[in-house]
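Asks: The structure under discussion is supplied below as structure tokens; questions concerning it will follow.
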Amino acid sequence: MADMQKGFAAALNEVLPNAEFRMCARHIWSNWHKKWKGEERRKQFWRCSKSSYEVKFKEELEKMDKLGKDICRDLLYYPKKSWVRAYFEVHSKCDVVENNMCETFNSWILASRHKSIITMLEEIRRKIMTRQVDMLKFADTWISDISPMARLLLEDSKDLARKCTVLWNADVGFEIGEGLHKHVVNLTDKVCTCRAWQLRGIPCQHAVLAYYHINEEPEQAVEHWYKRDTFLKAYKYFIQPMTNMKMWSETNNPMIEPPKPKPMPGRPQRNRRKGKDEPKKKYGKLSKCGVKMTCSKCHQQGHNKRYCKAENWMHSQQGSQSSQGASQPDAAGSSSQPTNSMCFDTTRVRRVNEARSSSQPTPSSTDSSRPSRRGLGSQLPPKGKKTTSQKRGRGASQEDAEKGAQKRSKNVGFGIYTAASGTQILKPETSSQRVMVSGSTYKSAAPTRIDLGFKARGLRWKGQDAVTTSQLQQMKANFSKK
């Protein structure tokens, strides 16, 4: 069986003229599907290739002709005897249409193929020695005289035989009905018109039904190629062990030098070129080809969070809102002080307020249209604008200022924050914040057996309040005093 090599057929006809020549159907499909693509055409191609008799092949070929103009002409460009099961010879007892055996062996020695000639042969020799031992151990695990794979195919034929009908002529001929087709089975010649029995050497579903009809087991009709004795004959010749290269005997023969390496352009290719429709990996992570990416910030498709524009848009919206809020008059702030605000009891705040009151004119001479801002917030620069006073620490870059990113003022966290409950916090929202005055009343936990002024929700027992052990002792002491 060849993998579409052009010179292999000519060399085989010259050296082995009586040998059967086959071509790998997988490689034929790989070349044919470049022009005729589609999943339905691929399935129909394999139905044509695996048709075991000629009538079935013609029916599948007619279905293939409906899938495209001149599609069958391009398919029959390859000789039918080389890739269609219906035209194979039956003497080899092998019905495979793919060259999987050679491909499996090539992948098995893949790591050794790229080494030097002697190292490659040594590694292949050791691998074959190990495999020979494994195969002899595998033969001891057989539950019958038939190989496990042959028995599996026979069990599949038994399941298919349940859907067929049988008609016996009281001799050696049987008429087996299966759907629209009827096949003739001859148990003496071991022949079935479906040709699956002759091609494989294992009884097909029609032969299995014929053997069961005369109360005989179909295992007796399995060819000797699938028996234990034939399997052991393939491994009766053993590879002898040998020493390494340093212990080999020296000879007077001329030394064989390796050929001079010829530099080739580009990096040497090690992997086989795969087709477009062939999966890149058989296992591992799945490919994300065709999957639409989704941003984790704005949850929109078409981009990821690295190229998301929603963050810059939010910063620009916040900058515009802050500028609009600064331009509007703060009537509520001028009329009354908010509940949660910075306390004005500190020295710096008092100094700022005195400087502001001394510099401002009297209320009668001020412009009523200009809003008045109270507190420390009036002395701070507006957010989102660059000022020359912010030189300490890690200041924002020019790019962030152009994007409208908000900067942290150097006065944030200064002063005392007074909450609605009366709690006062020094330097709020910083790592060094400290609670100065709490709105709740606390008592010392050092003394014991005192009344905390709090009674937990008691338990109920038979409709009455349950008492603790200490309460029970107190009740006894009071009763004894009386």
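Chain labels follow the order of the structure tokens: the first chain is A, the next B, and so on; residue numbering restarts at 1 in every chain, and ligands are counted from 1 in their shown order.
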Name the residues of range 122-259 of chain A that come out as strand (DSSP E) in a backbone DSSP run; write them as a PyMOL selection string.

Replies: chain A and resi 165-168+173-178+181-186+191-192

Asks: Skip range 288-293 of chain A itself and residues of its chain fewer than 5 positions away, then list as a ChimeraX atom specification all residues within 7 Å of it, counting only C-alpha atoms.

Replies: /A:301-304

Asks: Suppose we keep all heavy atoms; can you now write the selection as a CSV table (one decimal), in the first residue's frame?

Replies:
chain,number,residue,atom,x,y,z
A,301,GLN,N,-18.7,42.5,22.9
A,301,GLN,CA,-18.0,41.6,22.0
A,301,GLN,C,-17.1,42.4,21.0
A,301,GLN,O,-17.5,43.5,20.6
A,301,GLN,CB,-18.9,40.6,21.3
A,301,GLN,CG,-19.6,39.6,22.2
A,301,GLN,CD,-20.4,38.6,21.4
A,301,GLN,OE1,-20.6,38.8,20.2
A,301,GLN,NE2,-20.9,37.6,22.1
A,302,GLY,N,-16.0,41.8,20.6
A,302,GLY,CA,-15.2,42.4,19.6
A,302,GLY,C,-13.9,42.9,20.1
A,302,GLY,O,-13.0,43.3,19.3
A,303,HIS,N,-13.7,43.0,21.4
A,303,HIS,CA,-12.4,43.5,21.9
A,303,HIS,C,-12.3,42.9,23.3
A,303,HIS,O,-13.2,42.4,23.9
A,303,HIS,CB,-12.3,45.0,21.9
A,303,HIS,CG,-13.3,45.6,22.9
A,303,HIS,ND1,-14.7,45.8,22.5
A,303,HIS,CD2,-13.2,46.1,24.2
A,303,HIS,CE1,-15.3,46.4,23.5
A,303,HIS,NE2,-14.4,46.6,24.5
A,304,ASN,N,-11.0,43.1,23.9
A,304,ASN,CA,-10.8,42.6,25.3
A,304,ASN,C,-10.5,43.9,26.1
A,304,ASN,O,-10.6,45.0,25.7
A,304,ASN,CB,-9.6,41.7,25.3
A,304,ASN,CG,-8.3,42.3,24.6
A,304,ASN,OD1,-8.3,43.4,24.3
A,304,ASN,ND2,-7.3,41.4,24.4

Asks: Which is closest to Asp140 in chain A among A:Leu232, A:Cys295, A:Ile214, A:Ala207, if we use only C-alpha atoms?

Replies: A:Leu232

Asks: Can you tell me which residues surround Gln132 in chain A at a distance of at most 9 Å, considering only C-alpha atoms, apart from same-chain residues fewer than 5 positions away, and format the answer as number ranges by chain?

Replies: A: 127, 137, 235, 238-239

Asks: Which residues are near Pro79 in chain A? Cut-off 12 Å, only C-alpha atoms, ignore same chain within fewer than 3 positions. Put them as a PDB file with C-alpha atoms, in the first residue's frame.

Replies:
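Below you can see around.pdb, which holds the result:
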ATOM      1  CA  ALA A   9       3.725   1.537  -8.507  1.00  0.00           C
ATOM      2  CA  PHE A  21      -1.018  -2.837  -5.256  1.00  0.00           C
ATOM      3  CA  ARG A  22      -3.235  -0.593  -3.127  1.00  0.00           C
ATOM      4  CA  MET A  23      -3.308   3.132  -2.431  1.00  0.00           C
ATOM      5  CA  CYS A  24      -4.208   4.758   0.878  1.00  0.00           C
ATOM      6  CA  ALA A  25      -7.765   6.074   0.678  1.00  0.00           C
ATOM      7  CA  ILE A  28      -6.677  10.002  -2.059  1.00  0.00           C
ATOM      8  CA  SER A  49     -14.402   3.228  -0.485  1.00  0.00           C
ATOM      9  CA  ARG A  73     -15.159  11.778 -12.900  1.00  0.00           C
ATOM     10  CA  ASP A  74     -12.567  13.367 -10.631  1.00  0.00           C
ATOM     11  CA  LEU A  75     -13.007  10.554  -8.107  1.00  0.00           C
ATOM     12  CA  LEU A  76     -12.624   7.753 -10.658  1.00  0.00           C
ATOM     13  CA  SER A  82      -6.369   0.468  -5.537  1.00  0.00           C
ATOM     14  CA  TRP A  83      -8.796   2.131  -3.084  1.00  0.00           C
ATOM     15  CA  VAL A  84     -12.300   0.529  -3.362  1.00  0.00           C
ATOM     16  CA  ARG A  85     -12.869  -2.521  -1.156  1.00  0.00           C
ATOM     17  CA  TYR A  87     -12.326  -4.624  -6.138  1.00  0.00           C
ATOM     18  CA  PHE A  88      -9.677  -5.928  -3.708  1.00  0.00           C
TER      19      PHE A  88
END

Asks: Nearest residue to Asn31 in chain A out of A:Met4, A:Val55, A:Ile117, A:Ala210, using only C-alpha atoms?

Replies: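 Nearest to Asn31 in chain A: A:Met4.
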
Asks: Report the distance between CA of Arg306 in chain A and CA of Leu286 in chain A in Å, rounded to one decimal place.

Replies: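 Result for CA of Arg306 in chain A versus CA of Leu286 in chain A: 23.0 Å, one decimal.
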